[in-house]
$ cat my_file_37.cif   # mmCIF, N, CA, C and O atoms
data_structure
loop_
_atom_site.group_PDB
_atom_site.id
_atom_site.type_symbol
_atom_site.label_atom_id
_atom_site.label_comp_id
_atom_site.auth_asym_id
_atom_site.auth_seq_id
_atom_site.Cartn_x
_atom_site.Cartn_y
_atom_site.Cartn_z
ATOM 1 N N MET A 1 -0.225 -12.798 3.765
ATOM 2 C CA MET A 1 0.909 -12.170 3.140
ATOM 3 C C MET A 1 1.703 -11.425 4.220
ATOM 4 O O MET A 1 1.203 -10.513 4.851
ATOM 5 N N LYS A 2 2.921 -11.838 4.442
ATOM 6 C CA LYS A 2 3.749 -11.228 5.472
ATOM 7 C C LYS A 2 4.636 -10.165 4.841
ATOM 8 O O LYS A 2 5.276 -10.398 3.829
ATOM 9 N N THR A 3 4.649 -8.967 5.448
ATOM 10 C CA THR A 3 5.487 -7.884 4.952
ATOM 11 C C THR A 3 6.334 -7.354 6.093
ATOM 12 O O THR A 3 6.015 -7.523 7.265
ATOM 13 N N ASP A 4 7.403 -6.695 5.741
ATOM 14 C CA ASP A 4 8.258 -6.047 6.725
ATOM 15 C C ASP A 4 7.470 -4.906 7.366
ATOM 16 O O ASP A 4 6.792 -4.148 6.680
ATOM 17 N N ALA A 5 7.544 -4.771 8.676
ATOM 18 C CA ALA A 5 6.783 -3.748 9.391
ATOM 19 C C ALA A 5 7.170 -2.337 8.965
ATOM 20 O O ALA A 5 6.355 -1.436 9.010
ATOM 21 N N LYS A 6 8.407 -2.149 8.542
ATOM 22 C CA LYS A 6 8.858 -0.813 8.152
ATOM 23 C C LYS A 6 8.504 -0.466 6.711
ATOM 24 O O LYS A 6 8.496 0.688 6.338
ATOM 25 N N LYS A 7 8.214 -1.479 5.875
ATOM 26 C CA LYS A 7 7.904 -1.237 4.475
ATOM 27 C C LYS A 7 6.479 -1.698 4.188
ATOM 28 O O LYS A 7 6.215 -2.889 4.126
ATOM 29 N N PRO A 8 5.541 -0.764 4.008
ATOM 30 C CA PRO A 8 4.158 -1.169 3.762
ATOM 31 C C PRO A 8 4.011 -1.827 2.388
ATOM 32 O O PRO A 8 4.788 -1.582 1.471
ATOM 33 N N ASN A 9 3.009 -2.665 2.258
ATOM 34 C CA ASN A 9 2.720 -3.329 1.000
ATOM 35 C C ASN A 9 1.991 -2.341 0.095
ATOM 36 O O ASN A 9 0.852 -1.971 0.366
ATOM 37 N N ASP A 10 2.637 -1.919 -0.985
ATOM 38 C CA ASP A 10 2.046 -0.914 -1.864
ATOM 39 C C ASP A 10 0.780 -1.410 -2.550
ATOM 40 O O ASP A 10 -0.138 -0.633 -2.785
ATOM 41 N N THR A 11 0.693 -2.691 -2.860
ATOM 42 C CA THR A 11 -0.497 -3.227 -3.507
ATOM 43 C C THR A 11 -1.711 -3.074 -2.594
ATOM 44 O O THR A 11 -2.777 -2.638 -3.042
ATOM 45 N N GLU A 12 -1.546 -3.392 -1.331
ATOM 46 C CA GLU A 12 -2.648 -3.247 -0.377
ATOM 47 C C GLU A 12 -2.983 -1.776 -0.161
ATOM 48 O O GLU A 12 -4.159 -1.414 -0.048
ATOM 49 N N LEU A 13 -1.978 -0.935 -0.108
ATOM 50 C CA LEU A 13 -2.205 0.498 0.072
ATOM 51 C C LEU A 13 -3.011 1.061 -1.093
ATOM 52 O O LEU A 13 -3.974 1.802 -0.887
ATOM 53 N N ILE A 14 -2.655 0.701 -2.308
ATOM 54 C CA ILE A 14 -3.387 1.179 -3.483
ATOM 55 C C ILE A 14 -4.823 0.672 -3.463
ATOM 56 O O ILE A 14 -5.759 1.404 -3.790
ATOM 57 N N ALA A 15 -5.021 -0.576 -3.046
ATOM 58 C CA ALA A 15 -6.374 -1.129 -2.968
ATOM 59 C C ALA A 15 -7.228 -0.358 -1.962
ATOM 60 O O ALA A 15 -8.389 -0.031 -2.242
ATOM 61 N N VAL A 16 -6.660 -0.037 -0.816
ATOM 62 C CA VAL A 16 -7.398 0.703 0.215
ATOM 63 C C VAL A 16 -7.712 2.120 -0.270
ATOM 64 O O VAL A 16 -8.839 2.606 -0.104
ATOM 65 N N LEU A 17 -6.736 2.778 -0.869
ATOM 66 C CA LEU A 17 -6.969 4.133 -1.371
ATOM 67 C C LEU A 17 -8.002 4.148 -2.493
ATOM 68 O O LEU A 17 -8.859 5.038 -2.545
ATOM 69 N N THR A 18 -7.939 3.176 -3.382
ATOM 70 C CA THR A 18 -8.923 3.086 -4.465
ATOM 71 C C THR A 18 -10.322 2.877 -3.898
ATOM 72 O O THR A 18 -11.279 3.510 -4.355
ATOM 73 N N ALA A 19 -10.455 2.015 -2.908
ATOM 74 C CA ALA A 19 -11.762 1.778 -2.293
ATOM 75 C C ALA A 19 -12.285 3.041 -1.613
ATOM 76 O O ALA A 19 -13.481 3.355 -1.716
ATOM 77 N N ALA A 20 -11.407 3.770 -0.949
ATOM 78 C CA ALA A 20 -11.824 5.006 -0.275
ATOM 79 C C ALA A 20 -12.273 6.059 -1.290
ATOM 80 O O ALA A 20 -13.283 6.745 -1.086
ATOM 81 N N ILE A 21 -11.536 6.186 -2.372
ATOM 82 C CA ILE A 21 -11.907 7.155 -3.414
ATOM 83 C C ILE A 21 -13.230 6.754 -4.049
ATOM 84 O O ILE A 21 -14.104 7.602 -4.280
ATOM 85 N N ALA A 22 -13.400 5.460 -4.334
ATOM 86 C CA ALA A 22 -14.655 4.989 -4.933
ATOM 87 C C ALA A 22 -15.841 5.254 -4.003
ATOM 88 O O ALA A 22 -16.900 5.690 -4.456
ATOM 89 N N ALA A 23 -15.655 5.013 -2.710
ATOM 90 C CA ALA A 23 -16.727 5.271 -1.749
ATOM 91 C C ALA A 23 -17.069 6.755 -1.699
ATOM 92 O O ALA A 23 -18.244 7.123 -1.639
ATOM 93 N N ASN A 24 -16.049 7.598 -1.739
ATOM 94 C CA ASN A 24 -16.269 9.037 -1.707
ATOM 95 C C ASN A 24 -16.990 9.523 -2.963
ATOM 96 O O ASN A 24 -17.811 10.435 -2.908
ATOM 97 N N MET A 25 -16.674 8.902 -4.103
ATOM 98 C CA MET A 25 -17.286 9.297 -5.373
ATOM 99 C C MET A 25 -18.598 8.556 -5.632
ATOM 100 O O MET A 25 -19.245 8.769 -6.654
ATOM 101 N N ASN A 26 -18.983 7.672 -4.683
ATOM 102 C CA ASN A 26 -20.217 6.897 -4.799
ATOM 103 C C ASN A 26 -20.243 6.082 -6.089
ATOM 104 O O ASN A 26 -21.219 6.094 -6.834
ATOM 105 N N THR A 27 -19.143 5.391 -6.366
ATOM 106 C CA THR A 27 -19.024 4.548 -7.554
ATOM 107 C C THR A 27 -18.301 3.261 -7.181
ATOM 108 O O THR A 27 -17.902 3.079 -6.038
ATOM 109 N N SER A 28 -18.135 2.386 -8.135
ATOM 110 C CA SER A 28 -17.430 1.129 -7.907
ATOM 111 C C SER A 28 -15.936 1.322 -8.138
ATOM 112 O O SER A 28 -15.522 2.116 -8.991
ATOM 113 N N ALA A 29 -15.129 0.578 -7.403
ATOM 114 C CA ALA A 29 -13.674 0.635 -7.592
ATOM 115 C C ALA A 29 -13.291 0.128 -8.975
ATOM 116 O O ALA A 29 -12.230 0.466 -9.488
ATOM 117 N N TYR A 30 -14.164 -0.684 -9.596
ATOM 118 C CA TYR A 30 -13.890 -1.175 -10.946
ATOM 119 C C TYR A 30 -13.921 -0.050 -11.974
ATOM 120 O O TYR A 30 -13.384 -0.189 -13.068
ATOM 121 N N ASN A 31 -14.555 1.074 -11.635
ATOM 122 C CA ASN A 31 -14.628 2.214 -12.546
ATOM 123 C C ASN A 31 -13.406 3.120 -12.440
ATOM 124 O O ASN A 31 -13.307 4.093 -13.178
ATOM 125 N N LEU A 32 -12.496 2.812 -11.531
ATOM 126 C CA LEU A 32 -11.324 3.652 -11.306
ATOM 127 C C LEU A 32 -10.059 2.927 -11.729
ATOM 128 O O LEU A 32 -9.975 1.711 -11.656
ATOM 129 N N LYS A 33 -9.072 3.705 -12.136
ATOM 130 C CA LYS A 33 -7.778 3.134 -12.500
ATOM 131 C C LYS A 33 -6.688 4.056 -11.962
ATOM 132 O O LYS A 33 -6.662 5.243 -12.271
ATOM 133 N N ILE A 34 -5.814 3.501 -11.154
ATOM 134 C CA ILE A 34 -4.678 4.255 -10.631
ATOM 135 C C ILE A 34 -3.544 4.136 -11.645
ATOM 136 O O ILE A 34 -3.038 3.050 -11.890
ATOM 137 N N ASN A 35 -3.158 5.251 -12.244
ATOM 138 C CA ASN A 35 -2.085 5.240 -13.239
ATOM 139 C C ASN A 35 -0.719 5.356 -12.594
ATOM 140 O O ASN A 35 0.245 4.760 -13.064
ATOM 141 N N SER A 36 -0.637 6.142 -11.550
ATOM 142 C CA SER A 36 0.640 6.301 -10.856
ATOM 143 C C SER A 36 0.372 6.889 -9.472
ATOM 144 O O SER A 36 -0.702 7.406 -9.202
ATOM 145 N N TYR A 37 1.359 6.784 -8.636
ATOM 146 C CA TYR A 37 1.280 7.396 -7.320
ATOM 147 C C TYR A 37 2.692 7.727 -6.866
ATOM 148 O O TYR A 37 3.671 7.194 -7.384
ATOM 149 N N LYS A 38 2.768 8.632 -5.908
ATOM 150 C CA LYS A 38 4.070 9.049 -5.394
ATOM 151 C C LYS A 38 3.948 9.236 -3.894
ATOM 152 O O LYS A 38 3.056 9.940 -3.408
ATOM 153 N N ARG A 39 4.821 8.590 -3.168
ATOM 154 C CA ARG A 39 4.854 8.777 -1.719
ATOM 155 C C ARG A 39 5.517 10.118 -1.410
ATOM 156 O O ARG A 39 6.476 10.506 -2.066
ATOM 157 N N ILE A 40 4.990 10.807 -0.415
ATOM 158 C CA ILE A 40 5.619 12.040 0.030
ATOM 159 C C ILE A 40 6.031 11.873 1.486
ATOM 160 O O ILE A 40 5.404 11.136 2.238
ATOM 161 N N HIS A 41 7.083 12.529 1.856
ATOM 162 C CA HIS A 41 7.572 12.444 3.227
ATOM 163 C C HIS A 41 6.746 13.366 4.109
ATOM 164 O O HIS A 41 6.400 14.483 3.728
ATOM 165 N N ASP A 42 6.423 12.889 5.279
ATOM 166 C CA ASP A 42 5.642 13.661 6.235
ATOM 167 C C ASP A 42 6.588 14.526 7.052
ATOM 168 O O ASP A 42 7.427 14.017 7.796
ATOM 169 N N THR A 43 6.461 15.825 6.899
ATOM 170 C CA THR A 43 7.317 16.759 7.637
ATOM 171 C C THR A 43 6.528 17.499 8.717
ATOM 172 O O THR A 43 6.994 18.505 9.241
ATOM 173 N N THR A 44 5.333 16.983 9.037
ATOM 174 C CA THR A 44 4.496 17.617 10.045
ATOM 175 C C THR A 44 5.119 17.436 11.429
ATOM 176 O O THR A 44 5.504 16.334 11.798
ATOM 177 N N PRO A 45 5.217 18.519 12.201
ATOM 178 C CA PRO A 45 5.763 18.402 13.557
ATOM 179 C C PRO A 45 4.884 17.500 14.438
ATOM 180 O O PRO A 45 3.675 17.380 14.223
ATOM 181 N N ALA A 46 5.502 16.875 15.428
ATOM 182 C CA ALA A 46 4.803 15.955 16.319
ATOM 183 C C ALA A 46 3.650 16.646 17.044
ATOM 184 O O ALA A 46 2.579 16.052 17.226
ATOM 185 N N TRP A 47 3.829 17.903 17.452
ATOM 186 C CA TRP A 47 2.759 18.588 18.179
ATOM 187 C C TRP A 47 1.545 18.802 17.284
ATOM 188 O O TRP A 47 0.407 18.765 17.741
ATOM 189 N N SER A 48 1.768 19.002 16.003
ATOM 190 C CA SER A 48 0.662 19.186 15.070
ATOM 191 C C SER A 48 -0.096 17.875 14.865
ATOM 192 O O SER A 48 -1.329 17.851 14.814
ATOM 193 N N LYS A 49 0.645 16.779 14.761
ATOM 194 C CA LYS A 49 0.012 15.464 14.633
ATOM 195 C C LYS A 49 -0.813 15.151 15.882
ATOM 196 O O LYS A 49 -1.924 14.634 15.793
ATOM 197 N N ALA A 50 -0.264 15.467 17.046
ATOM 198 C CA ALA A 50 -0.976 15.212 18.300
ATOM 199 C C ALA A 50 -2.251 16.044 18.375
ATOM 200 O O ALA A 50 -3.294 15.554 18.823
ATOM 201 N N GLY A 51 -2.181 17.283 17.950
ATOM 202 C CA GLY A 51 -3.362 18.146 17.949
ATOM 203 C C GLY A 51 -4.441 17.623 17.022
ATOM 204 O O GLY A 51 -5.631 17.613 17.363
ATOM 205 N N ARG A 52 -4.039 17.178 15.828
ATOM 206 C CA ARG A 52 -4.983 16.609 14.874
ATOM 207 C C ARG A 52 -5.642 15.354 15.436
ATOM 208 O O ARG A 52 -6.856 15.163 15.312
ATOM 209 N N ALA A 53 -4.844 14.492 16.054
ATOM 210 C CA ALA A 53 -5.381 13.262 16.638
ATOM 211 C C ALA A 53 -6.364 13.587 17.753
ATOM 212 O O ALA A 53 -7.412 12.939 17.882
ATOM 213 N N ASP A 54 -6.053 14.598 18.554
ATOM 214 C CA ASP A 54 -6.939 15.000 19.647
ATOM 215 C C ASP A 54 -8.284 15.490 19.107
ATOM 216 O O ASP A 54 -9.343 15.137 19.638
ATOM 217 N N ILE A 55 -8.250 16.279 18.055
ATOM 218 C CA ILE A 55 -9.489 16.781 17.450
ATOM 219 C C ILE A 55 -10.309 15.630 16.879
ATOM 220 O O ILE A 55 -11.529 15.557 17.084
ATOM 221 N N MET A 56 -9.651 14.727 16.160
ATOM 222 C CA MET A 56 -10.376 13.591 15.572
ATOM 223 C C MET A 56 -10.981 12.702 16.654
ATOM 224 O O MET A 56 -12.107 12.244 16.525
ATOM 225 N N ASN A 57 -10.235 12.449 17.724
ATOM 226 C CA ASN A 57 -10.736 11.601 18.809
ATOM 227 C C ASN A 57 -11.882 12.243 19.571
ATOM 228 O O ASN A 57 -12.725 11.548 20.129
ATOM 229 N N SER A 58 -11.930 13.565 19.607
ATOM 230 C CA SER A 58 -13.003 14.245 20.328
ATOM 231 C C SER A 58 -14.323 14.180 19.567
ATOM 232 O O SER A 58 -15.380 14.472 20.123
ATOM 233 N N ARG A 59 -14.296 13.792 18.316
ATOM 234 C CA ARG A 59 -15.509 13.713 17.502
ATOM 235 C C ARG A 59 -16.249 12.401 17.669
ATOM 236 O O ARG A 59 -17.336 12.230 17.152
ATOM 237 N N PHE A 60 -15.660 11.444 18.372
ATOM 238 C CA PHE A 60 -16.292 10.130 18.535
ATOM 239 C C PHE A 60 -16.887 9.969 19.891
ATOM 240 O O PHE A 60 -16.661 10.415 20.848
#

$ encode --input "my_file_37.cif" --output "structure tokens"
Amino acid sequence: MKTDAKKPNDTELIAVLTAAIAANMNTSAYNLKINSYKRIHDTTPAWSKAGRADIMNSRF
């Protein structure tokens, strides 16, 4: 499935998020139902994102 690089595929995004939530809740994704979702704009400054990435990378 080819998608525009600037526009993510919402179906795949919902599938990934549902799987992550199911794994966190230690249940099957079949037990979950996404009724709605809303994208939010990221207003985090670049230096904050860089700091977060540095912390996450230092844990591996």

$ atom_distance --input "my_file_37.cif" --atom1 "atom N of Ile55 of chain A" --atom2 "atom O of Val16 of chain A"
22.7 Å

$ axis_aligned_box --input "my_file_37.cif" --around "segment 46-54 of chain A" --padding-each-side "4 Å" --output "AutoDock Vina command-line options"
--center_x -1.9 --center_y 16.1 --center_z 17.1 --size_x 22.8 --size_y 14.2 --size_z 13.0

$ atom_distance --input "my_file_37.cif" --atom1 "atom CA of Thr11 of chain A" --atom2 "atom CA of Thr27 of chain A"
20.5 Å

$ atom_distance --input "my_file_37.cif" --atom1 "atom C of Ala29 of chain A" --atom2 "atom O of Arg59 of chain A"
29.1 Å

$ residues_around --input "my_file_37.cif" --residues "segment 31-39 of chain A" --least-positions-apart "4" --cutoff "10 Å" --atoms "only C-alpha atoms" --output "NGL selection string"
:A and (10 or 14-15 or 17-19 or 21-22 or 27)

$ select_by_dssp --input "my_file_37.cif" --residues "chain A" --states "alpha helix (DSSP H)" --output "PyMOL selection string"
chain A and resi 10-24+46-58
